[in-house]
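Shown next: query_19.txt, containing compact mmCIF, C-alpha atoms.
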```
# COMPACT_ATOMS: atom_id res chain seq x y z
CA MET A 13 17.64 -38.47 47.46
CA LEU A 14 14.07 -37.62 48.42
CA LEU A 15 12.04 -35.85 45.71
CA VAL A 16 8.87 -34.25 47.08
CA SER A 17 5.98 -32.30 45.61
CA SER A 18 2.24 -31.99 45.60
CA SER A 19 0.25 -32.94 42.52
CA GLY A 20 -0.40 -31.07 39.29
CA GLY A 21 2.22 -28.68 37.97
CA HIS A 22 4.56 -29.18 40.92
CA TRP A 23 4.69 -32.93 40.21
CA THR A 24 5.08 -32.38 36.46
CA GLU A 25 8.05 -30.06 37.03
CA LEU A 26 9.71 -32.48 39.44
CA ARG A 27 9.22 -35.39 37.03
CA ARG A 28 10.76 -33.37 34.19
CA LEU A 29 13.88 -33.02 36.30
CA ALA A 30 14.16 -36.79 36.79
CA PRO A 31 17.09 -37.24 34.35
CA ALA A 32 19.22 -34.95 36.52
CA PHE A 33 18.72 -37.31 39.45
CA GLU A 34 19.38 -40.61 37.64
CA PRO A 35 22.83 -41.19 39.15
CA PHE A 36 21.28 -41.25 42.64
CA GLU A 37 19.03 -43.57 44.56
CA ARG A 38 15.68 -41.78 44.31
CA VAL A 39 12.66 -41.90 46.56
CA TRP A 40 9.63 -39.99 45.30
CA CYS A 41 7.04 -38.56 47.65
CA SER A 42 3.70 -37.07 46.70
CA VAL A 43 -0.01 -36.98 47.41
CA LEU A 44 -1.82 -39.29 44.95
CA PRO A 45 -1.40 -43.08 44.94
CA GLU A 46 -1.57 -43.26 41.13
CA MET A 47 1.71 -41.31 40.96
CA ARG A 48 3.51 -44.45 42.11
CA SER A 49 3.26 -45.96 38.62
CA GLU A 50 4.95 -42.88 37.10
CA VAL A 51 8.19 -43.42 39.02
CA LYS A 52 8.57 -47.20 38.96
CA PRO A 53 10.90 -48.90 39.67
CA ASP A 54 11.90 -46.15 42.13
CA ARG A 55 10.44 -46.17 45.61
CA PHE A 56 7.36 -44.01 46.22
CA GLU A 57 6.02 -42.63 49.49
CA LEU A 58 2.45 -41.35 49.80
CA VAL A 59 1.61 -38.41 52.07
CA PRO A 60 -1.65 -36.48 52.48
CA ASP A 61 -2.12 -33.22 50.62
CA ALA A 62 -3.19 -30.13 52.53
CA SER A 63 -3.72 -26.44 52.12
CA ARG A 64 -3.37 -23.51 54.47
CA TRP A 65 -7.16 -23.49 54.84
CA ASP A 66 -7.22 -26.82 56.72
CA ARG A 67 -4.86 -26.63 59.67
CA LEU A 68 -5.61 -30.11 60.99
CA ARG A 69 -4.84 -31.67 57.60
CA LEU A 70 -1.65 -29.55 57.42
CA LEU A 71 -0.53 -31.01 60.73
CA TRP A 72 -1.30 -34.55 59.53
CA SER A 73 0.65 -33.92 56.31
CA ALA A 74 3.64 -32.56 58.25
CA LEU A 75 3.66 -35.60 60.53
CA ARG A 76 3.53 -38.00 57.59
CA VAL A 77 6.36 -36.15 55.82
CA ALA A 78 8.40 -36.36 59.04
CA MET A 79 7.81 -40.12 59.14
CA VAL A 80 9.01 -40.43 55.54
CA LEU A 81 12.17 -38.46 56.37
CA VAL A 82 12.92 -40.75 59.32
CA ARG A 83 12.37 -43.90 57.22
CA VAL A 84 14.29 -42.72 54.16
CA ARG A 85 17.09 -40.72 55.85
CA PRO A 86 17.97 -38.88 52.62
CA ASP A 87 21.21 -37.01 52.07
CA VAL A 88 19.37 -34.50 49.87
CA VAL A 89 15.75 -33.37 49.66
CA VAL A 90 14.53 -31.65 46.48
CA SER A 91 11.10 -30.07 46.14
CA THR A 92 9.22 -28.12 43.51
CA GLY A 93 6.54 -27.06 45.84
CA ALA A 94 3.45 -26.82 47.91
CA ALA A 95 2.76 -28.11 51.39
CA PRO A 96 4.45 -31.56 51.38
CA GLY A 97 7.58 -30.07 49.83
CA PHE A 98 7.66 -27.22 52.30
CA PHE A 99 7.38 -29.65 55.20
CA ALA A 100 10.15 -31.82 53.76
CA ILE A 101 12.46 -28.81 53.37
CA SER A 102 11.58 -27.59 56.87
CA LEU A 103 12.18 -30.91 58.60
CA ALA A 104 15.08 -32.30 56.55
CA ARG A 105 17.75 -30.72 58.73
CA PHE A 106 16.65 -32.99 61.60
CA VAL A 107 17.91 -35.97 59.61
CA GLY A 108 21.01 -34.12 58.39
CA ALA A 109 19.86 -33.64 54.79
CA ARG A 110 20.74 -30.75 52.50
CA THR A 111 17.78 -29.21 50.72
CA VAL A 112 16.94 -27.66 47.36
CA TRP A 113 13.74 -25.73 46.70
CA LEU A 114 12.93 -25.18 43.01
CA ASP A 115 10.17 -22.61 42.88
CA SER A 116 7.43 -23.28 40.38
CA VAL A 117 7.86 -22.02 36.84
CA ALA A 118 4.30 -20.68 37.14
CA ASN A 119 5.43 -18.03 39.62
CA ALA A 120 6.88 -15.46 37.25
CA GLU A 121 6.13 -12.29 39.23
CA GLU A 122 6.93 -13.40 42.77
CA LEU A 123 7.92 -16.55 44.62
CA SER A 124 5.11 -18.82 45.73
CA LEU A 125 4.04 -18.54 49.37
CA SER A 126 5.71 -21.89 50.08
CA GLY A 127 8.81 -20.72 48.20
CA GLN A 128 9.03 -17.54 50.24
CA LYS A 129 8.94 -19.57 53.46
CA ALA A 130 11.15 -22.39 52.19
CA SER A 131 13.85 -19.98 50.98
CA ARG A 132 14.58 -19.10 54.61
CA LEU A 133 15.18 -22.78 55.41
CA ALA A 134 16.51 -24.44 52.26
CA THR A 135 20.20 -25.03 51.63
CA LEU A 136 19.61 -23.71 48.11
CA THR A 137 16.59 -21.97 46.57
CA LEU A 138 16.33 -21.63 42.80
CA THR A 139 13.84 -19.75 40.67
CA GLN A 140 13.03 -20.11 36.99
CA TRP A 141 12.95 -16.36 36.45
CA PRO A 142 16.02 -14.05 36.42
CA GLU A 143 13.92 -11.17 37.79
CA LEU A 144 13.20 -13.13 40.98
CA GLY A 145 16.71 -14.25 41.85
CA GLU A 146 20.30 -13.22 41.87
CA PRO A 147 23.14 -15.00 40.04
CA LEU A 148 24.23 -18.23 41.68
CA PRO A 149 27.67 -17.77 43.30
CA ALA A 150 30.52 -19.98 42.10
CA THR A 151 30.93 -21.76 45.44
CA PRO A 152 28.51 -22.78 48.20
CA ALA A 153 30.55 -20.74 50.68
CA GLN A 154 29.57 -17.58 48.81
CA ARG A 155 25.83 -18.26 49.05
CA LYS A 156 23.75 -16.18 51.42
CA SER A 157 21.26 -17.76 53.77
CA GLY A 158 17.71 -17.10 52.61
CA ALA A 159 18.77 -15.90 49.16
CA VAL A 160 16.97 -16.93 45.99
CA TYR A 161 19.17 -17.71 43.01
CA TYR A 162 18.72 -17.92 39.28
CA THR A 163 21.11 -20.07 37.29
CA GLY A 164 19.16 -20.52 34.09
CA SER A 165 15.94 -22.30 33.33
CA VAL A 166 15.89 -25.81 34.77
CA VAL A 167 12.50 -26.93 33.50
```
Give the structure from the file, written as C-alpha cells.
Amino acid sequence: MLLVSSSGGHWTELRRLAPAFEPFERVWCSVLPEMRSEVKPDRFELVPDASRWDRLRLLWSALRVAMVLVRVRPDVVVSTGAAPGFFAISLARFVGARTVWLDSVANAEELSLSGQKASRLATLTLTQWPELGEPLPATPAQRKSGAVYYTGSVV
C-alpha cells in the first residue's frame, strides 16, 4: 500500500489514519525528508512538492511520483491530498493499483481542487462532510465513476 500526501494538514490526516493500514505493508510518500522519522520502521519515499503556480516543478513532482509507483508497485494507493497525491492517484492505474482519495477535512464547503480532479480518476473518493458526498453503496459494483461518497467521518 502506498500512502501519499503533501505536508501540513494533508500529512497529519494521513498519519491519523495509520492504524487502519496496519495489516498491510505500507510505503509512505511525501515531500519533506524529516517525515521519514514519523513513519519508521515503514519505508518512506521522498518526492518534491509543487503547486499549480510552478509548472516545471509540477512536472518534476509527477515524474518522481511515477518513479515511486514503478519501484513500489502498490496494490492500493491512498492519498489525502495535494499535488503528489493527485499524481499518485492519476498514475496508479498504469501499475494496476486501485486508488482511494480522502478529501481534506478542511474542505467543508466544496472539494479541494485536487479532490475535484482526483474524483474523476480514483477508484473511490471519500469526503469528510455529508453535504459534499452521497451515501456509499453497499457493493463496489454499485459505485458510480467520478462520484464522491460520504460514509462517516474517518479522521
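Taking CA of Pro86 (chain A) and CA of Ala109 (chain A) as endpoints, the distance between them is 6.0 Å.
Residues lying within 7 Å of region 48-57 of chain A, counting all atoms listed in the file and ignoring same-chain neighbours fewer than 3 positions away, are Arg38, Val39, Trp40, Cys41, Ser42 and Pro45 of chain A.
Distance annotation: of A:Ala94, A:Ala134, A:Leu68, A:Leu14, the residue with the minimal separation from Val82 (chain A) is A:Leu14; atom set is all atoms listed in the file.
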message = Which residues are close to Ser131 (chain A), i.e. within 7 Å by all atoms listed in the file, leaving aside same-chain residues fewer than 3 positions away? Reply as an MDAnalysis selection string.
response = chainID A and resid 127:128 134 137 158:160
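Comparing A:Ser73, A:Gln154, A:Ser165, A:Ser102 by their smallest distance to Ala130 (chain A), the closest is A:Ser102 (using all atoms listed in the file).
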ask   = region 27-32 of chain A: which residues within 10 Å, counting all atoms listed in the file, same-chain residues fewer than 3 positions away excluded, as a ChimeraX atom specification?
value = /A:15,17,21-24,35-36,38,40,50-51,92,166-167
Any idea what's packed within 9 Å of Pro142 (chain A), counting all atoms listed in the file, ignoring anything in its chain fewer than 4 positions away? Could you give it as a PDB file with C-alpha atoms, in the coordinates of the input?
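The resulting around.pdb:
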```pdb
ATOM      1  CA  GLU A 146      20.300 -13.220  41.870  1.00  0.00           C
ATOM      2  CA  PRO A 147      23.140 -15.000  40.040  1.00  0.00           C
ATOM      3  CA  TYR A 161      19.170 -17.710  43.010  1.00  0.00           C
ATOM      4  CA  TYR A 162      18.720 -17.920  39.280  1.00  0.00           C
ATOM      5  CA  THR A 163      21.110 -20.070  37.290  1.00  0.00           C
ATOM      6  CA  GLY A 164      19.160 -20.520  34.090  1.00  0.00           C
ATOM      7  CA  SER A 165      15.940 -22.300  33.330  1.00  0.00           C
TER       8      SER A 165
END
```
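With distances taken over all atoms listed in the file, A:Val90 is the one residue among A:Ala78, A:Val90, A:Arg64, A:Glu34 lying closest to Val16 (chain A).
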request  = Give me, please, the distance in Å between CA of Leu133 (chain A) and CA of Glu37 (chain A), quoted to one decimal.
outcome  = 23.8 Å
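Note that CA of Val77 (chain A) and CA of Pro96 (chain A) are 6.7 Å apart.
You can rank A:Ser126, A:Trp65, A:Val89, A:Glu46 by their closest distance to Leu26 (chain A) using all atoms listed in the file, and at the top of that list sits A:Val89.
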message = Here is a test: counting only C-alpha atoms, which residue of A:Ser91, A:Ser157, A:Ser19, A:Ser63 is nearest to Thr135 (chain A)?
response = A:Ser157
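Between Arg85 (chain A) and the residues A:Leu103, A:Leu148, A:Leu136, A:Leu71, the shortest atom-to-atom distance, using all atoms listed in the file, involves A:Leu103.
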